[in-house]
Amino acid sequence: MIQDKFERLEEKYILTREQYGQMLDYLSGKVVEDAFSRATVMSLYYDTPDYRIIRHSIEKPVYKEKLRVRCYSVPATESEAFVEIKKKYKGVVYKRRMVMPYAQTEEWLHDSANDTSQIAREIHALCNHYPGIIPSILCSCDRYAVRDKDNEELRFTFDQNLLGRTENLDMRKGVFGEKLLADDHYIMEIKASGAFPLELADVLSQIGIFPQSFSKAGSAYQKIILTDHMPAAKNVQAMI
């Protein structure tokens, strides 16, 4: 297994197709392709049966956390998968992750207490804090990822074709689900170790791009659980 951790600032933006093109024009010559530059990102979010984690996140608290398994393509049994904790406090994102074959992720999460590494202990503590945590929401998107040529800590991701589902949660079954974003819109995320460069901030302002809160798992919960499946929503509310 491989362990990894990040601490950085992250901002999300919802772009129109025109704004997406303008951003690509600005970044041309300034960036290179990042790891998993063009990928189908699949993220399986874990939650309690009453969706306690995602409901808390939607309330936009000062501190929030999530547990997910992520793959950068439709996985096979032995494909590389990332078991991740993502925490956000006052705009700063802290990510901890373990890397292992996809088929091992579920079993490892159930037995994470047997792993004494620091990141495993953090994951196990989160699981203990949310009794009954289970695979709950699967989101996918097509991602284009680049990083600044002169500053590898400055990264840009552009996501489209966002889909979500709450059934058939094995990623090996492929990419399908309900649309979470209009076809002509993109989610841009800028990730940096510190403040954004002044030139970048000026360009965002000129194009009319401003930070907007957006959560793939939160959007899936609101659309699938609370909107499209009202009986399920009532059952969730009854459990609260």
# chains A, B, ... in the order shown; residues from 1 in each chain; ligands from 1
call {"tool": "residues_around", "arguments": {"residues": "Pro135 (chain A)", "least_positions_apart": "2", "cutoff": "9 Å", "atoms": "only C-alpha atoms", "output": "list of chain:residue names"}}
result
A:Leu44, A:Tyr45, A:Tyr46, A:Asp47, A:Thr48, A:Arg68, A:Glu106, A:Ile133, A:Ile137, A:Leu138, A:Thr166, A:Leu169
call {"tool": "select_by_dssp", "arguments": {"residues": "region 27-188 of chain A", "states": "strand (DSSP E)", "output": "PyMOL selection string"}}
result
chain A and resi 31-47+63-71+80-89+92-101+134-148+155-165+178-179+185-188
call {"tool": "closest_atom_pairs", "arguments": {"of": "region 53-106 of chain A", "to": "region 182-191 of chain A", "cutoff": "12 Å", "atoms": "only C-alpha atoms", "output": "tab-separated table"}}
result
residue	atom	partner	partner_atom	distance
A:Gly91	CA	A:Lys191	CA	11.2
A:Val92	CA	A:Lys191	CA	10.2
A:Val93	CA	A:Lys191	CA	9.4
A:Tyr94	CA	A:Lys191	CA	11.8
call {"tool": "write_last_selection", "arguments": {"atoms": "all heavy atoms", "output": "short mmCIF file (atom, residue, chain, number, x, y, z; two decimals), in the first residue's frame"}}
result
data_model
loop_
_atom_site.label_atom_id
_atom_site.label_comp_id
_atom_site.auth_asym_id
_atom_site.auth_seq_id
_atom_site.Cartn_x
_atom_site.Cartn_y
_atom_site.Cartn_z
N GLY A 91 -11.57 26.77 4.67
CA GLY A 91 -11.07 26.90 3.31
C GLY A 91 -9.84 26.10 2.98
O GLY A 91 -9.45 26.00 1.81
N VAL A 92 -9.20 25.51 3.98
CA VAL A 92 -8.01 24.70 3.75
C VAL A 92 -8.41 23.23 3.70
O VAL A 92 -9.13 22.75 4.59
CB VAL A 92 -6.94 24.92 4.84
CG1 VAL A 92 -5.71 24.05 4.57
CG2 VAL A 92 -6.54 26.40 4.90
N VAL A 93 -7.96 22.53 2.67
CA VAL A 93 -8.30 21.13 2.48
C VAL A 93 -7.13 20.25 2.91
O VAL A 93 -5.98 20.50 2.54
CB VAL A 93 -8.65 20.85 1.00
CG1 VAL A 93 -8.81 19.36 0.76
CG2 VAL A 93 -9.92 21.60 0.61
N TYR A 94 -7.46 19.23 3.69
CA TYR A 94 -6.47 18.24 4.13
C TYR A 94 -6.92 16.88 3.60
O TYR A 94 -8.03 16.45 3.89
CB TYR A 94 -6.39 18.20 5.66
CG TYR A 94 -6.12 19.55 6.29
CD1 TYR A 94 -7.18 20.42 6.59
CD2 TYR A 94 -4.83 19.96 6.59
CE1 TYR A 94 -6.94 21.66 7.17
CE2 TYR A 94 -4.58 21.19 7.18
CZ TYR A 94 -5.64 22.04 7.46
OH TYR A 94 -5.41 23.27 8.03
#
call {"tool": "select_by_dssp", "arguments": {"residues": "region 17-193 of chain A", "states": "alpha helix (DSSP H)", "output": "JSON, numbers by chain"}}
result
{"A": [17, 18, 19, 20, 21, 22, 23, 24, 25, 26, 27, 52, 53, 54, 55, 56, 57, 58, 105, 106, 107, 108, 109, 110, 118, 119, 120, 121, 122, 123, 124, 125, 126, 127, 128, 129]}
call {"tool": "write_last_selection", "arguments": {"atoms": "N, CA and C atoms", "output": "mmCIF file, in the first residue's frame"}}
result
data_model
loop_
_atom_site.group_PDB
_atom_site.id
_atom_site.type_symbol
_atom_site.label_atom_id
_atom_site.label_comp_id
_atom_site.auth_asym_id
_atom_site.auth_seq_id
_atom_site.Cartn_x
_atom_site.Cartn_y
_atom_site.Cartn_z
ATOM 1 N N ARG A 17 -19.753 27.047 -21.201
ATOM 2 C CA ARG A 17 -18.852 26.560 -22.252
ATOM 3 C C ARG A 17 -17.948 27.693 -22.743
ATOM 4 N N GLU A 18 -18.492 28.895 -22.840
ATOM 5 C CA GLU A 18 -17.693 30.035 -23.292
ATOM 6 C C GLU A 18 -16.581 30.348 -22.288
ATOM 7 N N GLN A 19 -16.902 30.349 -21.010
ATOM 8 C CA GLN A 19 -15.894 30.623 -19.995
ATOM 9 C C GLN A 19 -14.830 29.532 -19.949
ATOM 10 N N TYR A 20 -15.248 28.298 -20.180
ATOM 11 C CA TYR A 20 -14.299 27.184 -20.241
ATOM 12 C C TYR A 20 -13.286 27.424 -21.366
ATOM 13 N N GLY A 21 -13.772 27.824 -22.534
ATOM 14 C CA GLY A 21 -12.883 28.120 -23.646
ATOM 15 C C GLY A 21 -11.942 29.273 -23.339
ATOM 16 N N GLN A 22 -12.445 30.299 -22.653
ATOM 17 C CA GLN A 22 -11.608 31.443 -22.293
ATOM 18 C C GLN A 22 -10.512 31.037 -21.309
ATOM 19 N N MET A 23 -10.836 30.159 -20.380
ATOM 20 C CA MET A 23 -9.828 29.695 -19.432
ATOM 21 C C MET A 23 -8.755 28.872 -20.138
ATOM 22 N N LEU A 24 -9.162 28.019 -21.065
ATOM 23 C CA LEU A 24 -8.178 27.236 -21.796
ATOM 24 C C LEU A 24 -7.264 28.137 -22.623
ATOM 25 N N ASP A 25 -7.834 29.193 -23.197
ATOM 26 C CA ASP A 25 -7.013 30.153 -23.942
ATOM 27 C C ASP A 25 -5.983 30.809 -23.022
ATOM 28 N N TYR A 26 -6.418 31.214 -21.838
ATOM 29 C CA TYR A 26 -5.499 31.857 -20.892
ATOM 30 C C TYR A 26 -4.392 30.894 -20.445
ATOM 31 N N LEU A 27 -4.749 29.646 -20.211
ATOM 32 C CA LEU A 27 -3.786 28.677 -19.692
ATOM 33 C C LEU A 27 -2.858 28.122 -20.766
ATOM 34 N N ARG A 52 -25.840 11.122 7.245
ATOM 35 C CA ARG A 52 -25.425 12.120 8.242
ATOM 36 C C ARG A 52 -24.257 12.970 7.755
ATOM 37 N N ILE A 53 -23.288 12.359 7.092
ATOM 38 C CA ILE A 53 -22.097 13.100 6.660
ATOM 39 C C ILE A 53 -22.452 14.124 5.589
ATOM 40 N N ILE A 54 -23.178 13.713 4.577
ATOM 41 C CA ILE A 54 -23.483 14.630 3.492
ATOM 42 C C ILE A 54 -24.468 15.711 3.932
ATOM 43 N N ARG A 55 -25.399 15.379 4.809
ATOM 44 C CA ARG A 55 -26.322 16.411 5.306
ATOM 45 C C ARG A 55 -25.563 17.490 6.065
ATOM 46 N N HIS A 56 -24.571 17.080 6.835
ATOM 47 C CA HIS A 56 -23.744 18.051 7.553
ATOM 48 C C HIS A 56 -22.957 18.910 6.572
ATOM 49 N N SER A 57 -22.412 18.296 5.535
ATOM 50 C CA SER A 57 -21.616 19.033 4.556
ATOM 51 C C SER A 57 -22.452 20.074 3.825
ATOM 52 N N ILE A 58 -23.693 19.741 3.480
ATOM 53 C CA ILE A 58 -24.570 20.664 2.757
ATOM 54 C C ILE A 58 -24.852 21.925 3.573
ATOM 55 N N THR A 105 -10.520 -2.709 -1.270
ATOM 56 C CA THR A 105 -10.896 -1.506 -0.530
ATOM 57 C C THR A 105 -11.962 -1.768 0.529
ATOM 58 N N GLU A 106 -13.011 -2.486 0.163
ATOM 59 C CA GLU A 106 -14.109 -2.705 1.103
ATOM 60 C C GLU A 106 -13.654 -3.533 2.301
ATOM 61 N N GLU A 107 -12.921 -4.612 2.022
ATOM 62 C CA GLU A 107 -12.432 -5.460 3.104
ATOM 63 C C GLU A 107 -11.466 -4.689 4.007
ATOM 64 N N TRP A 108 -10.588 -3.883 3.373
ATOM 65 C CA TRP A 108 -9.617 -3.119 4.162
ATOM 66 C C TRP A 108 -10.322 -2.114 5.078
ATOM 67 N N LEU A 109 -11.349 -1.460 4.580
ATOM 68 C CA LEU A 109 -12.071 -0.494 5.410
ATOM 69 C C LEU A 109 -12.717 -1.168 6.612
ATOM 70 N N HIS A 110 -13.211 -2.375 6.441
ATOM 71 C CA HIS A 110 -13.811 -3.096 7.566
ATOM 72 C C HIS A 110 -12.761 -3.514 8.584
ATOM 73 N N GLN A 118 -0.349 5.836 10.325
ATOM 74 C CA GLN A 118 -1.029 7.053 10.759
ATOM 75 C C GLN A 118 -2.305 7.309 9.952
ATOM 76 N N ILE A 119 -2.208 7.195 8.639
ATOM 77 C CA ILE A 119 -3.379 7.474 7.808
ATOM 78 C C ILE A 119 -4.471 6.439 8.056
ATOM 79 N N ALA A 120 -4.095 5.192 8.225
ATOM 80 C CA ALA A 120 -5.083 4.150 8.527
ATOM 81 C C ALA A 120 -5.784 4.439 9.846
ATOM 82 N N ARG A 121 -5.055 4.925 10.833
ATOM 83 C CA ARG A 121 -5.677 5.254 12.128
ATOM 84 C C ARG A 121 -6.687 6.387 11.973
ATOM 85 N N GLU A 122 -6.378 7.372 11.108
ATOM 86 C CA GLU A 122 -7.317 8.474 10.879
ATOM 87 C C GLU A 122 -8.589 7.968 10.193
ATOM 88 N N ILE A 123 -8.418 7.088 9.223
ATOM 89 C CA ILE A 123 -9.583 6.523 8.533
ATOM 90 C C ILE A 123 -10.427 5.694 9.497
ATOM 91 N N HIS A 124 -9.768 4.898 10.317
ATOM 92 C CA HIS A 124 -10.479 4.058 11.283
ATOM 93 C C HIS A 124 -11.233 4.932 12.296
ATOM 94 N N ALA A 125 -10.617 6.041 12.716
ATOM 95 C CA ALA A 125 -11.280 6.940 13.663
ATOM 96 C C ALA A 125 -12.536 7.546 13.052
ATOM 97 N N LEU A 126 -12.474 7.910 11.768
ATOM 98 C CA LEU A 126 -13.662 8.462 11.111
ATOM 99 C C LEU A 126 -14.764 7.410 11.044
ATOM 100 N N CYS A 127 -14.399 6.184 10.696
ATOM 101 C CA CYS A 127 -15.404 5.115 10.629
ATOM 102 C C CYS A 127 -16.056 4.883 11.987
ATOM 103 N N ASN A 128 -15.274 4.970 13.044
ATOM 104 C CA ASN A 128 -15.821 4.799 14.394
ATOM 105 C C ASN A 128 -16.735 5.958 14.780
ATOM 106 N N HIS A 129 -16.414 7.145 14.271
ATOM 107 C CA HIS A 129 -17.216 8.326 14.607
ATOM 108 C C HIS A 129 -18.596 8.277 13.956
#
call {"tool": "closest_residue", "arguments": {"among": "A:Phe176, A:Phe156, A:Tyr89, A:Phe196", "to": "Lys12 (chain A)", "atoms": "only C-alpha atoms"}}
result
A:Phe156
call {"tool": "closest_residue", "arguments": {"among": "A:Arg172, A:Arg165, A:Lys30, A:Arg8", "to": "Glu153 (chain A)", "atoms": "only C-alpha atoms"}}
result
A:Arg8
call {"tool": "closest_residue", "arguments": {"among": "A:Leu163, A:Ile224, A:Val83, A:Ala192", "to": "Gly177 (chain A)", "atoms": "only C-alpha atoms"}}
result
A:Leu163
call {"tool": "closest_residue", "arguments": {"among": "A:Val203, A:Ala195, A:Val41, A:Leu9", "to": "Cys141 (chain A)", "atoms": "only C-alpha atoms"}}
result
A:Val41
